[in-house]
$ cat data_3.cif   # mmCIF, C-alpha atoms and all ligand atoms
data_start
loop_
_atom_site.label_atom_id
_atom_site.label_comp_id
_atom_site.auth_asym_id
_atom_site.auth_seq_id
_atom_site.Cartn_x
_atom_site.Cartn_y
_atom_site.Cartn_z
CA MET A 1 -1.37 109.06 33.85
CA GLY A 2 1.69 106.85 34.02
CA LYS A 3 -0.46 104.08 35.33
CA ILE A 4 -2.89 104.57 32.46
CA THR A 5 0.02 104.58 30.03
CA ASN A 6 1.33 101.27 31.39
CA ASN A 7 -2.08 99.72 31.15
CA SER A 8 -2.40 100.95 27.60
CA LYS A 9 0.93 99.43 26.63
CA ASN A 10 -0.10 96.11 28.17
CA ILE A 11 -3.43 96.21 26.35
CA ILE A 12 -1.75 97.09 23.07
CA PHE A 13 0.83 94.29 23.52
CA SER A 14 -1.79 91.76 24.55
CA SER A 15 -3.95 92.70 21.59
CA PHE A 16 -0.98 92.26 19.28
CA CYS A 17 -0.31 88.79 20.66
CA VAL A 18 -3.95 87.79 20.25
CA LEU A 19 -4.00 89.12 16.70
CA ALA A 20 -0.72 87.41 15.84
CA SER A 21 -2.04 84.14 17.18
CA PHE A 22 -5.20 84.60 15.12
CA ALA A 23 -3.12 85.23 12.05
CA VAL A 24 -1.27 81.96 12.53
CA VAL A 25 -4.46 80.05 13.19
CA LEU A 26 -6.19 81.70 10.22
CA SER A 27 -3.30 81.01 7.91
CA VAL A 28 -3.16 77.37 9.07
CA VAL A 29 -6.92 76.79 8.89
CA PHE A 30 -7.85 78.89 5.86
CA GLY A 31 -4.56 79.26 4.00
CA GLY A 32 -3.90 75.41 3.77
CA ALA A 33 -0.59 75.64 5.65
CA ARG A 34 -0.02 73.50 8.79
CA ILE A 35 2.56 72.57 11.37
CA ALA A 36 4.83 69.60 10.61
CA TYR A 37 8.22 68.28 11.69
CA LYS A 38 11.35 67.98 9.61
CA VAL A 39 13.63 65.19 10.81
CA LYS A 40 17.37 65.52 10.27
CA LEU A 41 19.70 62.60 10.87
CA ASN A 42 23.31 63.62 11.45
CA GLY A 43 22.35 67.06 10.15
CA LYS A 44 20.91 65.79 6.89
CA PRO A 45 17.15 66.38 6.28
CA VAL A 46 15.55 63.01 5.57
CA CYS A 47 11.83 63.00 6.41
CA VAL A 48 8.88 65.28 7.09
CA ILE A 49 6.41 63.81 9.55
CA SER A 50 3.06 65.00 10.86
CA ASP A 51 3.77 64.24 14.50
CA LYS A 52 6.96 63.81 16.55
CA GLN A 53 5.52 60.53 17.83
CA VAL A 54 6.07 59.08 14.34
CA TYR A 55 9.82 59.42 14.88
CA TYR A 56 9.77 57.96 18.43
CA ALA A 57 7.56 55.05 17.33
CA ALA A 58 9.99 54.42 14.45
CA VAL A 59 12.96 54.32 16.85
CA ASP A 60 11.15 51.76 19.01
CA LEU A 61 10.39 49.65 15.93
CA VAL A 62 14.03 49.78 14.76
CA ALA A 63 15.11 48.56 18.22
CA ASP A 64 12.65 45.65 17.84
CA ILE A 65 13.59 44.77 14.27
CA VAL A 66 17.37 44.84 14.64
CA GLU A 67 18.91 41.86 16.44
CA GLY A 68 21.22 42.92 19.24
CA GLU A 69 21.43 44.77 22.53
CA ASN A 70 21.26 48.57 22.96
CA VAL A 71 20.35 49.23 19.34
CA LYS A 72 19.17 52.73 20.18
CA ASP A 73 22.71 53.66 21.21
CA VAL A 74 24.04 53.36 17.64
CA LEU A 75 21.28 55.32 15.90
CA PRO A 76 22.30 58.66 14.27
CA GLN A 77 21.83 61.98 16.00
CA ALA A 78 18.29 63.28 15.23
CA ASP A 79 17.11 66.90 15.15
CA ILE A 80 13.41 67.54 14.85
CA GLU A 81 12.49 70.99 13.56
CA THR A 82 8.99 72.49 13.62
CA VAL A 83 7.96 73.78 10.18
CA PHE A 84 4.89 75.22 8.46
CA THR A 85 4.05 73.53 5.29
CA LEU A 86 1.36 73.45 2.64
CA GLU A 87 2.15 69.75 2.04
CA SER A 88 -0.51 67.29 3.08
CA ASN A 89 1.49 64.08 2.39
CA PHE A 90 3.88 63.16 5.20
CA ASP A 91 6.33 60.36 5.65
CA ASP A 92 4.79 57.53 7.67
CA CYS A 93 6.34 55.36 10.36
CA ASP A 94 7.49 52.63 7.89
CA LYS A 95 9.37 55.21 5.82
CA MET A 96 10.91 56.63 8.98
CA VAL A 97 12.04 53.12 10.06
CA ASP A 98 13.63 52.41 6.65
CA THR A 99 15.30 55.82 6.66
CA ILE A 100 16.78 55.33 10.14
CA ILE A 101 18.14 51.89 9.18
CA ASP A 102 19.53 53.19 5.86
CA ASN A 103 21.33 55.98 7.69
CA THR A 104 22.87 53.82 10.42
CA ASP A 105 26.23 52.34 9.42
CA GLU A 106 26.18 49.98 12.40
CA ILE A 107 23.05 48.20 11.12
CA VAL A 108 23.55 45.72 8.27
CA LEU A 109 21.42 43.18 6.44
CA ALA A 110 22.98 39.78 7.17
CA SER A 111 22.07 36.21 8.17
CA ARG A 112 22.40 34.14 11.27
CA LEU A 113 23.33 30.45 11.08
CA VAL A 114 21.23 28.34 13.46
CA VAL A 115 22.05 24.63 13.90
CA ASP A 116 19.53 22.46 15.75
CA GLY A 117 18.10 25.55 17.42
CA ALA A 118 21.46 26.94 18.57
CA ALA A 119 22.77 30.19 17.08
CA VAL A 120 26.26 29.72 15.64
CA GLY A 121 26.95 33.24 14.36
CA CYS A 122 26.10 35.86 11.74
CA ALA A 123 27.66 36.55 8.37
CA ASP A 124 26.95 38.05 5.01
CA THR A 125 23.93 36.20 3.60
CA GLU A 126 25.40 35.35 0.20
CA SER A 127 28.69 34.10 1.65
CA LEU A 128 26.84 31.99 4.20
CA GLU A 129 24.53 30.45 1.58
CA GLU A 130 27.51 29.68 -0.66
CA ALA A 131 29.50 28.07 2.17
CA LEU A 132 26.52 25.91 3.18
CA ALA A 133 25.83 24.86 -0.41
CA ALA A 134 29.48 23.89 -0.87
CA ARG A 135 29.42 21.79 2.30
CA ARG A 136 26.09 20.17 1.35
CA SER A 137 27.38 19.07 -2.06
CA ALA A 138 30.86 18.09 -0.81
CA TYR A 139 30.20 14.35 -1.17
CA THR A 140 27.96 14.09 -4.22
CA GLY A 141 31.00 13.09 -6.29
CA VAL A 142 31.74 10.21 -3.92
CA VAL A 143 28.39 8.61 -4.62
CA GLY A 144 28.98 8.85 -8.34
CA ALA A 145 25.33 8.51 -9.23
CA ALA A 146 23.53 10.97 -11.44
CA ALA A 147 20.48 11.35 -9.23
CA SER A 148 21.99 12.01 -5.84
CA GLU A 149 20.59 14.28 -3.16
CA SER A 150 22.35 15.80 -0.21
CA ALA A 151 21.06 17.26 3.01
CA PHE A 152 22.40 18.16 6.42
CA CYS A 153 21.73 15.66 9.19
CA ALA A 154 21.06 18.54 11.59
CA GLU A 155 18.35 21.17 11.17
CA VAL A 156 20.18 24.11 9.61
CA LEU A 157 18.47 27.50 9.36
CA VAL A 158 19.65 30.74 7.78
CA GLU A 159 17.81 33.64 9.42
CA GLU A 160 18.12 36.77 7.32
CA GLY A 161 17.47 40.11 9.01
CA TYR A 162 19.00 43.31 10.34
CA TYR A 163 21.90 42.85 12.70
CA LEU A 164 24.31 45.13 14.47
CA SER A 165 27.51 45.10 12.44
CA SER A 166 29.43 44.25 15.65
CA GLU A 167 27.65 40.85 15.66
CA VAL A 168 28.40 39.97 12.03
CA SER A 169 31.58 37.94 11.48
CA ASP A 170 33.61 37.17 8.42
CA ILE A 171 32.45 33.91 6.82
CA SER A 172 35.85 32.38 7.61
CA ASP A 173 34.97 32.58 11.32
CA LEU A 174 31.96 30.29 10.70
CA ALA A 175 33.90 27.86 8.46
CA PRO A 176 34.86 25.40 11.25
CA ALA A 177 31.21 25.10 12.34
CA ILE A 178 30.08 24.61 8.74
CA SER A 179 32.77 21.97 8.08
CA ALA A 180 31.56 20.09 11.18
CA LEU A 181 28.04 19.69 9.75
CA ASN A 182 27.34 16.07 8.85
CA VAL A 183 26.07 15.57 5.33
CA LYS A 184 23.75 12.77 4.32
CA THR A 185 23.89 11.92 0.63
CA THR A 186 21.37 9.55 -0.89
CA ALA A 187 21.39 8.12 -4.37
CA LYS A 188 19.52 5.64 -6.46
CA ILE A 189 21.85 3.14 -8.10
CA SER A 190 20.93 0.47 -10.63
CA GLU A 191 23.31 -2.32 -11.52
CA ASN A 192 23.12 -5.66 -13.27
CA ARG A 193 24.16 -8.88 -11.55
CA ALA A 194 24.37 -12.48 -12.56
CA VAL A 195 21.71 -15.00 -11.53
CA ALA A 196 22.93 -18.56 -11.02
CA TYR A 197 21.20 -21.28 -13.01
CA LYS A 198 19.65 -24.35 -11.46
CA THR A 199 20.56 -27.91 -12.25
CA VAL A 200 17.67 -30.26 -12.93
CA THR A 201 18.58 -33.94 -12.67
CA ASN A 202 16.47 -36.46 -14.53
CA ARG A 203 16.97 -40.07 -13.48
CA THR A 204 16.45 -42.81 -16.00
CA SER A 205 16.51 -46.54 -15.57
CA ASP A 206 17.15 -46.79 -19.32
CA GLN A 207 20.80 -46.03 -18.57
CA LYS A 208 23.19 -47.76 -16.25
CA VAL A 209 24.61 -46.24 -13.10
CA GLY A 210 27.49 -43.97 -14.05
CA TYR A 211 25.73 -42.62 -17.11
CA ARG A 212 25.58 -38.86 -17.03
CA ASN A 213 24.61 -36.64 -19.94
CA VAL A 214 24.12 -32.89 -20.12
CA GLU A 215 20.89 -32.41 -22.11
CA GLN A 216 20.93 -28.64 -21.85
CA CYS A 217 23.75 -26.37 -20.77
CA GLY A 218 22.94 -23.95 -18.00
CA GLN A 219 23.20 -20.24 -18.67
CA GLU A 220 23.38 -17.51 -16.04
CA GLY A 221 20.58 -14.96 -16.05
CA ILE A 222 20.87 -11.22 -15.47
CA GLU A 223 18.85 -9.11 -13.08
CA CYS A 224 18.88 -5.37 -12.58
CA VAL A 225 18.97 -4.32 -8.93
CA THR A 226 17.88 -0.79 -8.04
CA LYS A 227 18.81 0.33 -4.57
CA ASN A 228 18.86 3.48 -2.51
CA VAL A 229 22.26 4.01 -0.93
CA VAL A 230 22.89 6.35 1.97
CA TYR A 231 26.26 7.94 2.73
CA ILE A 232 27.16 10.07 5.75
CA ASN A 233 30.12 12.33 4.93
CA GLY A 234 30.92 10.08 1.99
CA GLU A 235 30.94 6.84 4.00
CA LEU A 236 28.42 4.20 2.96
CA THR A 237 26.08 3.70 5.92
CA GLY A 238 23.20 1.78 4.43
CA GLU A 239 21.41 0.57 1.38
CA ILE A 240 17.85 -0.48 0.74
CA THR A 241 16.95 -2.58 -2.27
CA GLU A 242 14.05 -0.91 -3.99
CA SER A 243 13.41 -3.29 -6.86
CA ILE A 244 14.85 -6.26 -8.73
CA GLU A 245 13.97 -6.61 -12.38
CA THR A 246 14.75 -9.64 -14.48
CA VAL A 247 16.74 -8.67 -17.56
CA LYS A 248 17.38 -12.20 -18.73
CA GLU A 249 16.02 -15.41 -17.23
CA PRO A 250 18.63 -18.07 -16.37
CA VAL A 251 18.49 -21.30 -18.36
CA ASN A 252 18.40 -24.49 -16.31
CA GLU A 253 21.11 -27.06 -16.73
CA ILE A 254 19.37 -30.34 -17.45
CA ILE A 255 21.27 -33.57 -16.90
CA THR A 256 20.22 -37.16 -17.17
CA VAL A 257 21.77 -39.78 -14.95
CA GLY A 258 21.34 -43.52 -15.25
CA THR A 259 20.00 -45.56 -12.35
CA ALA A 260 19.97 -49.05 -13.86
CA SER A 261 22.21 -51.46 -11.98
CA THR A 262 25.52 -52.30 -13.59
CA GLY A 263 25.09 -55.76 -12.16
CA SER A 264 28.39 -55.45 -10.43
CA THR A 265 28.46 -55.07 -6.70
CA TYR A 266 31.76 -55.30 -4.99
CA SER A 267 31.15 -55.82 -1.35
CA LEU A 268 30.97 -59.20 0.17
CA LYS A 269 28.44 -58.15 2.76
CA THR A 270 27.24 -54.60 2.26
CA GLY A 271 26.06 -54.53 -1.33
CA PHE A 272 27.89 -51.24 -1.97
CA ILE A 273 28.64 -50.36 -5.56
CA PHE A 274 31.84 -48.70 -6.72
CA PRO A 275 31.86 -44.85 -6.53
CA LEU A 276 33.50 -44.34 -9.95
CA PRO A 277 32.62 -45.79 -13.39
CA SER A 278 34.73 -48.79 -14.28
CA GLY A 279 37.86 -48.14 -16.24
CA THR A 280 38.24 -44.58 -15.12
CA TRP A 281 40.26 -44.98 -11.97
CA GLU A 282 43.31 -46.38 -10.22
CA ILE A 283 44.35 -46.41 -6.58
CA SER A 284 46.82 -43.57 -5.96
CA CYS A 285 46.98 -43.91 -2.16
CA PRO A 286 45.55 -46.79 -0.15
CA TYR A 287 43.96 -46.64 3.28
CA GLY A 288 46.45 -46.65 6.17
CA LYS A 289 49.50 -45.43 4.24
CA ASP A 290 51.17 -42.72 6.38
CA GLY A 291 47.98 -42.47 8.46
CA HIS A 292 45.72 -42.02 5.40
CA LYS A 293 42.12 -42.34 6.59
CA GLY A 294 40.56 -43.05 3.21
CA VAL A 295 41.39 -44.43 -0.20
CA ASP A 296 42.48 -42.13 -3.05
CA LEU A 297 41.19 -43.10 -6.50
CA ARG A 298 42.90 -41.14 -9.27
CA ALA A 299 40.50 -40.35 -12.14
CA PRO A 300 40.15 -37.70 -14.89
CA SER A 301 38.63 -34.35 -13.99
CA GLY A 302 34.83 -34.41 -14.33
CA THR A 303 34.45 -38.18 -13.87
CA ALA A 304 31.06 -38.96 -12.26
CA ILE A 305 31.14 -39.76 -8.53
CA MET A 306 28.29 -42.04 -7.48
CA ALA A 307 26.66 -42.74 -4.14
CA VAL A 308 27.84 -46.24 -3.09
CA ALA A 309 24.48 -46.91 -1.45
CA ALA A 310 21.11 -45.25 -0.88
CA GLY A 311 21.02 -42.66 1.87
CA THR A 312 20.48 -39.08 2.90
CA VAL A 313 22.94 -36.27 2.16
CA VAL A 314 24.04 -34.79 5.51
CA SER A 315 26.79 -32.51 4.23
CA ALA A 316 27.43 -30.96 0.81
CA GLY A 317 29.82 -28.09 0.18
CA ARG A 318 33.25 -26.68 0.99
CA SER A 319 34.87 -28.43 3.91
CA GLY A 320 38.43 -27.33 4.64
CA SER A 321 41.14 -29.60 3.27
CA TYR A 322 38.46 -31.92 1.80
CA GLY A 323 37.53 -29.16 -0.66
CA ASN A 324 34.08 -29.75 -2.17
CA CYS A 325 32.83 -32.68 -0.16
CA VAL A 326 29.65 -34.79 0.20
CA VAL A 327 28.72 -36.98 3.17
CA ILE A 328 25.89 -39.49 2.88
CA ASP A 329 24.27 -41.15 5.88
CA HIS A 330 23.22 -44.72 5.12
CA GLY A 331 21.62 -45.42 8.51
CA ASN A 332 22.78 -47.77 11.27
CA GLY A 333 25.69 -45.40 12.07
CA LEU A 334 27.28 -45.91 8.65
CA SER A 335 28.17 -43.00 6.39
CA THR A 336 30.41 -42.39 3.36
CA LEU A 337 32.45 -39.34 2.38
CA TYR A 338 33.50 -38.13 -1.11
CA ALA A 339 36.13 -35.37 -1.22
CA HIS A 340 37.96 -32.96 -3.60
CA ALA A 341 35.02 -32.75 -6.07
CA SER A 342 35.00 -30.12 -8.82
CA LYS A 343 31.22 -29.89 -8.69
CA ILE A 344 28.48 -31.07 -6.33
CA TYR A 345 25.02 -32.03 -7.55
CA VAL A 346 23.24 -32.68 -4.26
CA SER A 347 22.17 -30.66 -1.25
CA VAL A 348 21.79 -31.43 2.42
CA GLY A 349 18.59 -33.40 2.97
CA ASP A 350 18.49 -34.95 -0.51
CA LYS A 351 17.61 -38.64 -0.65
CA VAL A 352 19.91 -40.40 -3.06
CA SER A 353 19.81 -43.85 -4.51
CA ALA A 354 22.75 -46.19 -4.97
CA GLY A 355 24.70 -45.25 -8.07
CA GLU A 356 23.25 -41.77 -8.32
CA VAL A 357 25.74 -39.19 -9.56
CA ILE A 358 26.33 -36.85 -6.64
CA ALA A 359 29.46 -34.98 -7.76
CA LEU A 360 32.32 -34.81 -10.28
CA VAL A 361 35.96 -35.64 -9.68
CA GLY A 362 38.13 -32.58 -9.08
CA SER A 363 41.14 -31.39 -7.13
CA THR A 364 39.67 -28.92 -4.62
CA GLY A 365 40.96 -28.55 -1.06
CA TYR A 366 44.25 -30.19 -0.07
CA SER A 367 44.90 -32.18 -3.21
CA THR A 368 47.81 -32.70 -5.57
CA GLY A 369 45.86 -33.98 -8.56
CA TYR A 370 42.43 -35.08 -9.79
CA HIS A 371 41.18 -37.85 -7.56
CA LEU A 372 38.36 -39.04 -5.32
CA HIS A 373 39.21 -39.37 -1.65
CA PHE A 374 36.67 -41.86 -0.29
CA GLU A 375 36.01 -42.66 3.38
CA VAL A 376 33.68 -44.97 5.27
CA HIS A 377 32.65 -43.92 8.77
CA VAL A 378 31.19 -46.14 11.44
CA GLY A 379 30.08 -43.78 14.16
CA ASP A 380 33.06 -41.46 14.69
CA ASP A 381 35.62 -43.95 13.35
CA ARG A 382 37.05 -43.72 9.87
CA ILE A 383 37.46 -47.38 9.03
CA ASN A 384 39.13 -49.03 6.07
CA PRO A 385 36.76 -48.37 3.15
CA GLN A 386 38.45 -50.69 0.70
CA PRO A 387 36.59 -53.93 1.56
CA TYR A 388 33.28 -52.04 1.22
CA ILE A 389 33.96 -51.37 -2.47
CA GLY A 390 35.70 -54.62 -3.29
CA LEU A 391 39.31 -53.48 -3.11
ZN ZN A 401 43.05 -39.06 0.30
#
$ encode --input "data_3.cif" --output "C-alpha cells"
Amino acid sequence: MGKITNNSKNIIFSSFCVLASFAVVLSVVFGGARIAYKVKLNGKPVCVISDKQVYYAAVDLVADIVEGENVKDVLPQADIETVFTLESNFDDCDKMVDTIIDNTDEIVLASRLVVDGAAVGCADTESLEEALAARRSAYTGVVGAAASESAFCAEVLVEEGYYLSSEVSDISDLAPAISALNVKTTAKISENRAVAYKTVTNRTSDQKVGYRNVEQCGQEGIECVTKNVVYINGELTGEITESIETVKEPVNEIITVGTASTGSTYSLKTGFIFPLPSGTWEISCPYGKDGHKGVDLRAPSGTAIMAVAAGTVVSAGRSGSYGNCVVIDHGNGLSTLYAHASKIYVSVGDKVSAGEVIALVGSTGYSTGYHLHFEVHVGDDRINPQPYIGL
C-alpha cells in the first residue's frame, strides 16, 4: 500500500511538473509573452535584450572600439536577469554598446595627436584642435600679407575616438610637442619696383667732338612683382617670382654726341685728342708728383669725358679708389684710363671712336674734388700720359 502511495505521489508530482511546464509554454506561445533578459549595470536597469549573447557581443565590441589595454576590466558590474515579457522590441547590440560606454566613467571621447605616424598623446578634442590651430597660425602676422596660408611641415593627425581616461592627458602635457611642430607659412606678395631707363646715344658728325646734348630725359618705369614667399617658423626660407607686370614703361634717355673732328690733335706722334672740351679744365696734379701715376684735370661736374682715340672698352664701372672708371684698349698694348666719373655711358665690349663721350666728370672713389684722373698704360706700366695729350 505504502509502495502504491509513494508511486502515486511521484505520479501526481510528475504530472504537476508536466502541466506547469505546459502552462509556461502555452502562455509563451499562445499568450504572446516570451523570455527575455534585463541587463543591469551597477544595479541600474538599462537594457532588455532577447539573448544573453547580445550583451557578450557588445562587451567584445566595446573592447575593440575603445583604445587601450584591458578595457573589459573597467566595465561596470553587469547583472542579467531572466524575465517574461509581452514586448517584442528588444535593445540590439549597438544600443547595448552605447549603453555600456555611457555607463563607464573610465571611457571618454577624446583625440589622439599623431605626428608623422607616431602617437604623441591623447587629450580633449576641442582643446587639442584649439592648441593646434593656435600653433598653425602663430606666424601669419609675421608674413603680413592678407592672403597667407599656414600648414604644419609634418603630417599631423587628430584621431577622435573612445579612450580609457587613464590615457588622456591634460592639454598642457602635449603643449611642448605642439610648440615643437614646424609651421610653414606661404603668402602671395605684390610690390612695385623701379625699372631703370636705358640711354640711347646718337652720334652726329654735324657736331664737333665734345658736343653732348640730352634730347630726352630718361624716366624710370614701374613694374609690379608678384611673388610667393615661404616662411618656416616665421623665417623667410624662399621666394618664387610668379609674375612681373609693367605698370609704367621706362622712358629712354636720348643723347646726341658730336663726332666731327675739332681739328685739334695734341700729340706729336699718336694723334690722340684731348679727353676734355677745351676751356673746361686745368691741371690740378701732374704726373709724377708724389708718385702720381696719372694726370689730374680739374673740371666742372658733368663735363664730357671723351675717348682720346678709337678702341674697345675693356672695363666700365666701379673700381675701388678710381670710383666710376673706364678703360679703353687701343691695341698694340696701349690703353687709357678715365677715373672718378659721375656717370658712365659705355659698357665692356663697346667700340668707341676718338672723341666719343664715354663718361662725365665727377668725384667718385678717392677724390677731393671734381676732376678727371687720366692714365696711359703701355702693357702693365703706367707711363707719363701728358705728352700723349699735348701737355
Ligand atoms: Zn689723380
$ residues_around --input "data_3.cif" --residues "Ala57 in chain A" --least-positions-apart "2" --cutoff "12 Å" --atoms "only C-alpha atoms" --output "ChimeraX atom specification"
/A:49,51-55,59-64,92-97,100
$ residues_around --input "data_3.cif" --residues "Asp380 in chain A" --least-positions-apart "6" --cutoff "10 Å" --atoms "all atoms listed in the file" --output "list in words"
Gly333, Leu334 and Ser335 of chain A
$ residues_near_ligand --input "data_3.cif" --ligand "ligand ZN 401 (chain A)" --cutoff "12 Å" --atoms "only C-alpha atoms and all ligand atoms" --output "ChimeraX atom specification"
/A:283-298,321-323,337-340,363-375,385
$ residues_near_point --input "data_3.cif" --point "(23.0, 8.0, 3.1)" --cutoff "12 Å" --atoms "all atoms listed in the file" --output "ChimeraX atom specification"
/A:139-140,142-143,148-153,182-188,227-240
$ atom_distance --input "data_3.cif" --atom1 "CA of Ala78 in chain A" --atom2 "CA of Ser165 in chain A"
20.6 Å
$ residues_around --input "data_3.cif" --residues "Leu128 in chain A" --least-positions-apart "3" --cutoff "12 Å" --atoms "all atoms listed in the file" --output "PyMOL selection string"
chain A and resi 110-114+120-125+131-135+156-160+168-175+177-178
$ atom_distance --input "data_3.cif" --atom1 "CA of Ala341 in chain A" --atom2 "CA of Gly221 in chain A"
25.0 Å
$ axis_aligned_box --input "data_3.cif" --around "range 363-367 of chain A" --padding-each-side "5 Å" --output "AutoDock Vina command-line options"
--center_x 42.3 --center_y -30.4 --center_z -3.6 --size_x 15.2 --size_y 13.6 --size_z 17.1
$ residues_near_point --input "data_3.cif" --point "(0.7, 67.9, 3.6)" --cutoff "10 Å" --atoms "only C-alpha atoms" --output "list in words"
Gly32, Ala33, Arg34, Ile35, Ala36, Val48, Ile49, Ser50, Phe84, Thr85, Leu86, Glu87, Ser88, Asn89, Phe90 and Asp91 of chain A
$ atom_distance --input "data_3.cif" --atom1 "CA of Val361 in chain A" --atom2 "CA of Ala194 in chain A"
26.1 Å
$ residues_around --input "data_3.cif" --residues "Ala196 in chain A" --least-positions-apart "6" --cutoff "12 Å" --atoms "only C-alpha atoms" --output "NGL selection string"
:A and (218-223 or 248-253)
$ closest_residue --input "data_3.cif" --among "A:Asn332, A:Thr99, A:Thr246, A:Ser353" --to "Ala309 in chain A" --atoms "only C-alpha atoms"
A:Ser353
